[in-house]
Amino acid sequence: MYFYLYDAFLQDKKYAKVLAEIDARLIDLSIQGRTSRLTILNDMKELITDAVKRGADTVVILGDDKTVTRAISAIAELDVALGVIPIGANTAVARYLGIPEGVAACEVLSKRVRESIDIGKAGSNYFAFYLRSMSPHVKIVSPLREYALTLLSDDAEIFVCNFLPHELEREAPYPASFFVPRDGKLELVVKERGKNSLIDRWLFQNADEKREFTILPFTTLRIEADTLERDVRLVLDNDKVIKPPIDITVLPHHVSVIVGKDRMF
Amino acid sequence: MFKKIAKQGGDIQFDDVETIIGPSVKLEGEFQSKGNVMVSGVLIGKLETSENVRIETSAQIEGDITAREAIIAGNVHGNIIIAQHLSLLSSAKITGDITAGSIAIQQGAQMNGKCSMVATVEPKPADVKQNAASVMQDTTELL
């Protein structure tokens with residue numbers, strides 16, 4: 001049984017037409033189900049948990065990247081498949097899953113091709129896409145403290161990735177073994193800021209010369225602030241903010257998602 | 001950079017890399033891997049892998065390196081144990097003893113330490129350390 005959850009921003013009149021088309025197509029494909037709408041007064045996790053208790057085995061999210069990444073975190077502890085109908089400006093997650101925007105996504109949903117993907121866990125919080133440190137003043141430590149990694153530059157960015165973040169796409173291509181959300185690993189990425197300016201890109205036209213980044217695959221790591229005085233914040237999926245110290249681990253094949261044939265992993 | 005390695009007789013292709021330690025980081029401690037490792041930053045401690053290592057020009061290593069094959073273009077202050085082939089590029093500066101199955105040294109590379117050649121043996125994964133230790137008896141001192 002399908003449960004459809006609409007993000008709050010879809011109440012805007014400009015989405016009325018595409019939503020009507022989607023509703024009609026879902027009926028055509030006989031995959032309609034109970035629907036609910038997010039508002040400022042309700043909670044996504046509660047709505048999904050309630051739907052699963054009522055028998056839903058597939059939760060379909062209508063919205064953008066933020067909606068989808070929140071939904072993946074919300075279903076992390078539930079035995080349910082996640083489908084996506086991407087609508088809105090930022091739909092990179094759906095693109096990775098191979099799901100086209102709007103009405104076309106209904107066809108993918110109806111085929112129900114499922115893939116189990118990894119997700120990350122930072123403390124008690126889940127993240128589907130990536131974690132980003134808002135400060136370079138951190139120390140990254142291996143689980144048994146065999147090694148510690150610190151930054152030599154204040155002008156560097158730190159990511160912990162499951163998928164390839166949009167911010168790093170311009171550096172592509174990466175080795176095929178990185179950023180695969182079903183390999184049972186996350187990647188720690190340190191990238192120097194400022195290496196992406198037009199001048200830098202012109203100077204380093206040879207792609208092999210501009211790979212000034214660190215990529216370290218791992219299953220468990222700890223991020224600590226390098227001094228107690230620093231106000232270091234970590235952002236999960238461009239949404240939730242947490243503070244170190246925090247243990248980060250991968251949960252392999254933890255979430256079942258419906259994917260399209262054009263998925264990028 | 002990575003594509004050039006193959007032309008120079010190395011064995012590390014960009015697509016095969018498991019870990020890249022870039023120029024903006026310092027790694028301290030004992031780093032172990034089962035894949036190819038590229039280093040262009042600072043590493044203080046031990047680097048061990050059952051596969052191959054590439055030490056870039058900008059790299060500063062203070063500690064021992066153990067690997068199947070290696071290409072070194074940066075500074076290494078420590079002992080190097082390579083089960084198969086070691087390439088020292090012209091910018092390499094080594095202070096420490098080298099044990100390798102075979103070695104190629106470009107003009108300009110600096111080496112300060114003993115160099116011992118051993119029979120090339122195909123290492124089993126995660127077995128580089130034992131392999132290198134067992135063949136150290138049969139040494140030929142070059143410097």
# chains A, B, ... in the order shown; residues from 1 in each chain; ligands from 1
$ interface_residues --of "chain B" --to "chain A" --cutoff "6 Å" --atoms "only C-alpha atoms" --output "PyMOL selection string"
chain B and resi 1+15+19-22+24-30
$ residues_around --residues "Glu56 in chain B" --least-positions-apart "2" --cutoff "9 Å" --atoms "only C-alpha atoms" --output "number ranges by chain"
B: 38-41, 54, 58-60, 71-75, 92
$ atom_distance --atom1 "CA of Ile44 in chain B" --atom2 "CA of Thr227 in chain A"
20.6 Å
$ closest_residue --among "A:Ile61, A:Leu234, A:Leu10, A:Met264" --to "Leu164 in chain A" --atoms "only C-alpha atoms"
A:Met264
$ closest_residue --among "B:Ile61, B:Leu47, B:Ala83, B:Ile55" --to "Ile98 in chain B" --atoms "only C-alpha atoms"
B:Ala83
$ residues_around --residues "Gln106 in chain B" --least-positions-apart "6" --cutoff "9 Å" --atoms "only C-alpha atoms" --output "PyMOL selection string"
chain B and resi 87-92
$ atom_distance --atom1 "CA of Tyr96 in chain A" --atom2 "CA of Ser124 in chain A"
25.4 Å
$ residues_around --residues "Leu82 in chain A" --least-positions-apart "6" --cutoff "10 Å" --atoms "only C-alpha atoms" --output "list in words"
Tyr2, Phe3, Asp57, Thr58, Val59, Val60, Ile61, Val68, Ala71, Ile72, Ile75, Leu109, Arg112, Arg114, Glu115, Val255, Ser256, Val257, Ile258 and Val259 of chain A
$ write_last_selection --atoms "all heavy atoms" --output "short mmCIF file (atom, residue, chain, number, x, y, z; two decimals), in the first residue's frame"
data_model
loop_
_atom_site.label_atom_id
_atom_site.label_comp_id
_atom_site.auth_asym_id
_atom_site.auth_seq_id
_atom_site.Cartn_x
_atom_site.Cartn_y
_atom_site.Cartn_z
N TYR A 2 0.50 2.19 -0.86
CA TYR A 2 1.29 3.42 -0.99
C TYR A 2 0.77 4.51 -0.05
O TYR A 2 -0.44 4.62 0.20
CB TYR A 2 1.19 3.95 -2.42
CG TYR A 2 1.99 3.14 -3.43
CD1 TYR A 2 1.49 1.96 -3.96
CD2 TYR A 2 3.22 3.59 -3.87
CE1 TYR A 2 2.21 1.23 -4.90
CE2 TYR A 2 3.94 2.87 -4.81
CZ TYR A 2 3.44 1.69 -5.31
OH TYR A 2 4.15 0.97 -6.23
N PHE A 3 1.70 5.28 0.46
CA PHE A 3 1.36 6.47 1.25
C PHE A 3 2.10 7.65 0.64
O PHE A 3 3.32 7.61 0.48
CB PHE A 3 1.77 6.28 2.71
CG PHE A 3 1.69 7.53 3.53
CD1 PHE A 3 0.45 8.13 3.78
CD2 PHE A 3 2.83 8.12 4.07
CE1 PHE A 3 0.37 9.29 4.54
CE2 PHE A 3 2.75 9.28 4.83
CZ PHE A 3 1.52 9.87 5.06
N ASP A 57 3.42 0.11 2.91
CA ASP A 57 4.72 -0.53 2.72
C ASP A 57 5.61 0.30 1.79
O ASP A 57 6.78 -0.01 1.60
CB ASP A 57 4.58 -1.96 2.21
CG ASP A 57 3.83 -2.03 0.89
OD1 ASP A 57 3.53 -0.97 0.32
OD2 ASP A 57 3.56 -3.15 0.44
N THR A 58 5.03 1.34 1.20
CA THR A 58 5.82 2.24 0.36
C THR A 58 5.42 3.68 0.68
O THR A 58 4.26 4.04 0.57
CB THR A 58 5.56 1.97 -1.14
OG1 THR A 58 5.82 0.60 -1.41
CG2 THR A 58 6.45 2.84 -2.02
N VAL A 59 6.40 4.46 1.08
CA VAL A 59 6.16 5.88 1.37
C VAL A 59 6.71 6.68 0.20
O VAL A 59 7.88 6.55 -0.16
CB VAL A 59 6.86 6.30 2.68
CG1 VAL A 59 6.75 7.80 2.89
CG2 VAL A 59 6.27 5.55 3.86
N VAL A 60 5.85 7.48 -0.42
CA VAL A 60 6.29 8.29 -1.56
C VAL A 60 6.30 9.76 -1.14
O VAL A 60 5.30 10.28 -0.65
CB VAL A 60 5.36 8.09 -2.77
CG1 VAL A 60 5.84 8.95 -3.95
CG2 VAL A 60 5.30 6.63 -3.17
N ILE A 61 7.44 10.38 -1.35
CA ILE A 61 7.63 11.77 -0.95
C ILE A 61 7.51 12.67 -2.18
O ILE A 61 8.16 12.41 -3.20
CB ILE A 61 9.03 11.95 -0.32
CG1 ILE A 61 9.18 11.07 0.91
CG2 ILE A 61 9.29 13.41 0.02
CD1 ILE A 61 8.23 11.38 2.04
N VAL A 68 13.34 14.90 0.64
CA VAL A 68 13.76 13.51 0.47
C VAL A 68 14.78 13.10 1.54
O VAL A 68 14.67 12.02 2.14
CB VAL A 68 14.37 13.29 -0.94
CG1 VAL A 68 14.90 11.88 -1.08
CG2 VAL A 68 13.32 13.57 -2.01
N ALA A 71 13.10 12.57 4.70
CA ALA A 71 12.30 11.33 4.67
C ALA A 71 13.19 10.11 4.87
O ALA A 71 12.81 9.16 5.56
CB ALA A 71 11.55 11.24 3.35
N ILE A 72 14.38 10.13 4.24
CA ILE A 72 15.28 8.99 4.40
C ILE A 72 15.67 8.83 5.87
O ILE A 72 15.70 7.72 6.40
CB ILE A 72 16.53 9.15 3.49
CG1 ILE A 72 16.11 8.99 2.02
CG2 ILE A 72 17.59 8.12 3.85
CD1 ILE A 72 17.22 9.23 1.02
N ILE A 75 12.66 7.32 7.80
CA ILE A 75 12.33 5.89 7.62
C ILE A 75 13.48 4.99 8.03
O ILE A 75 13.40 3.77 7.86
CB ILE A 75 11.89 5.56 6.17
CG1 ILE A 75 13.07 5.70 5.20
CG2 ILE A 75 10.71 6.41 5.74
CD1 ILE A 75 12.83 4.98 3.90
N LEU A 109 7.86 4.83 -10.29
CA LEU A 109 7.25 4.30 -9.06
C LEU A 109 6.49 3.00 -9.34
O LEU A 109 6.57 2.05 -8.57
CB LEU A 109 6.25 5.31 -8.49
CG LEU A 109 6.78 6.45 -7.65
CD1 LEU A 109 5.60 7.29 -7.17
CD2 LEU A 109 7.55 5.91 -6.45
N ARG A 112 8.51 -0.20 -9.42
CA ARG A 112 8.97 -0.65 -8.10
C ARG A 112 10.32 -1.37 -8.11
O ARG A 112 10.49 -2.42 -7.47
CB ARG A 112 7.92 -1.56 -7.45
CG ARG A 112 6.81 -0.79 -6.77
CD ARG A 112 5.91 -1.72 -5.98
NE ARG A 112 6.60 -2.28 -4.83
CZ ARG A 112 6.61 -1.71 -3.63
NH1 ARG A 112 5.98 -0.58 -3.43
NH2 ARG A 112 7.25 -2.29 -2.63
N ARG A 114 13.62 -1.69 -6.62
CA ARG A 114 14.13 -1.21 -5.34
C ARG A 114 15.62 -1.48 -5.19
O ARG A 114 16.14 -2.46 -5.71
CB ARG A 114 13.37 -1.89 -4.19
CG ARG A 114 11.97 -1.36 -4.08
CD ARG A 114 11.05 -2.20 -3.24
NE ARG A 114 11.63 -2.74 -2.02
CZ ARG A 114 10.89 -3.14 -0.98
NH1 ARG A 114 9.57 -3.02 -1.02
NH2 ARG A 114 11.45 -3.66 0.07
N GLU A 115 16.27 -0.58 -4.49
CA GLU A 115 17.70 -0.72 -4.22
C GLU A 115 17.93 -0.35 -2.76
O GLU A 115 17.38 0.63 -2.27
CB GLU A 115 18.46 0.26 -5.12
CG GLU A 115 19.93 0.09 -5.17
CD GLU A 115 20.38 -1.07 -6.05
OE1 GLU A 115 20.18 -0.99 -7.28
OE2 GLU A 115 20.92 -2.03 -5.50
N VAL A 255 18.49 1.45 3.89
CA VAL A 255 17.21 2.01 3.45
C VAL A 255 16.89 1.52 2.04
O VAL A 255 17.75 1.52 1.16
CB VAL A 255 17.29 3.57 3.48
CG1 VAL A 255 16.08 4.17 2.79
CG2 VAL A 255 17.40 4.06 4.90
N SER A 256 15.63 1.12 1.85
CA SER A 256 15.21 0.62 0.54
C SER A 256 14.53 1.76 -0.22
O SER A 256 13.56 2.34 0.26
CB SER A 256 14.24 -0.54 0.75
OG SER A 256 13.75 -0.97 -0.49
N VAL A 257 15.07 2.09 -1.39
CA VAL A 257 14.48 3.17 -2.19
C VAL A 257 14.12 2.67 -3.58
O VAL A 257 14.76 1.76 -4.11
CB VAL A 257 15.46 4.38 -2.33
CG1 VAL A 257 15.64 5.09 -1.00
CG2 VAL A 257 16.79 3.95 -2.89
N ILE A 258 13.09 3.27 -4.14
CA ILE A 258 12.70 2.94 -5.51
C ILE A 258 13.57 3.76 -6.45
O ILE A 258 13.68 4.99 -6.28
CB ILE A 258 11.20 3.22 -5.74
CG1 ILE A 258 10.37 2.28 -4.86
CG2 ILE A 258 10.83 3.07 -7.20
CD1 ILE A 258 8.88 2.54 -4.89
N VAL A 259 14.21 3.10 -7.40
CA VAL A 259 15.16 3.78 -8.29
C VAL A 259 14.75 3.61 -9.75
O VAL A 259 14.01 2.69 -10.09
CB VAL A 259 16.60 3.25 -8.09
CG1 VAL A 259 17.10 3.56 -6.70
CG2 VAL A 259 16.66 1.75 -8.37
#
$ select_by_dssp --residues "range 53-94 of chain A" --states "helix (DSSP H, G or I)" --output "CSV table (one decimal) with C-alpha atoms, in the first residue's frame"
chain,number,residue,atom,x,y,z
A,53,LYS,CA,1.2,1.3,11.4
A,65,ASP,CA,16.1,17.4,-1.9
A,66,LYS,CA,15.4,18.6,1.6
A,67,THR,CA,12.1,16.7,1.7
A,68,VAL,CA,13.8,13.5,0.5
A,69,THR,CA,16.8,13.6,2.8
A,70,ARG,CA,14.5,14.2,5.8
A,71,ALA,CA,12.3,11.3,4.7
A,72,ILE,CA,15.3,9.0,4.4
A,73,SER,CA,16.2,9.9,8.0
A,74,ALA,CA,12.6,9.4,9.0
A,92,ALA,CA,19.7,16.4,-7.1
A,93,VAL,CA,19.0,13.4,-4.9
A,94,ALA,CA,16.2,12.2,-7.2
$ atom_distance --atom1 "CA of Val108 in chain A" --atom2 "CA of Val160 in chain A"
29.3 Å
$ residues_around --residues "Asp97 in chain B" --least-positions-apart "6" --cutoff "6 Å" --atoms "only C-alpha atoms" --output "ChimeraX atom specification"
/B:79,113-115
$ residues_around --residues "Ala225 in chain A" --least-positions-apart "3" --cutoff "10 Å" --atoms "only C-alpha atoms" --output "JSON, numbers by chain"
{"A": [135, 136, 137, 138, 139, 140, 228, 229, 230, 231, 232, 233, 243, 244, 245, 246]}
$ select_by_dssp --residues "range 13-54 of chain B" --states "strand (DSSP E or B)" --output "number ranges by chain"
B: 17-21, 25-33, 36-39, 42-49, 52-54
$ closest_residue --among "A:Asn125, A:Ser116, A:Ser30, A:Thr249" --to "Leu221 in chain A" --atoms "only C-alpha atoms"
A:Thr249
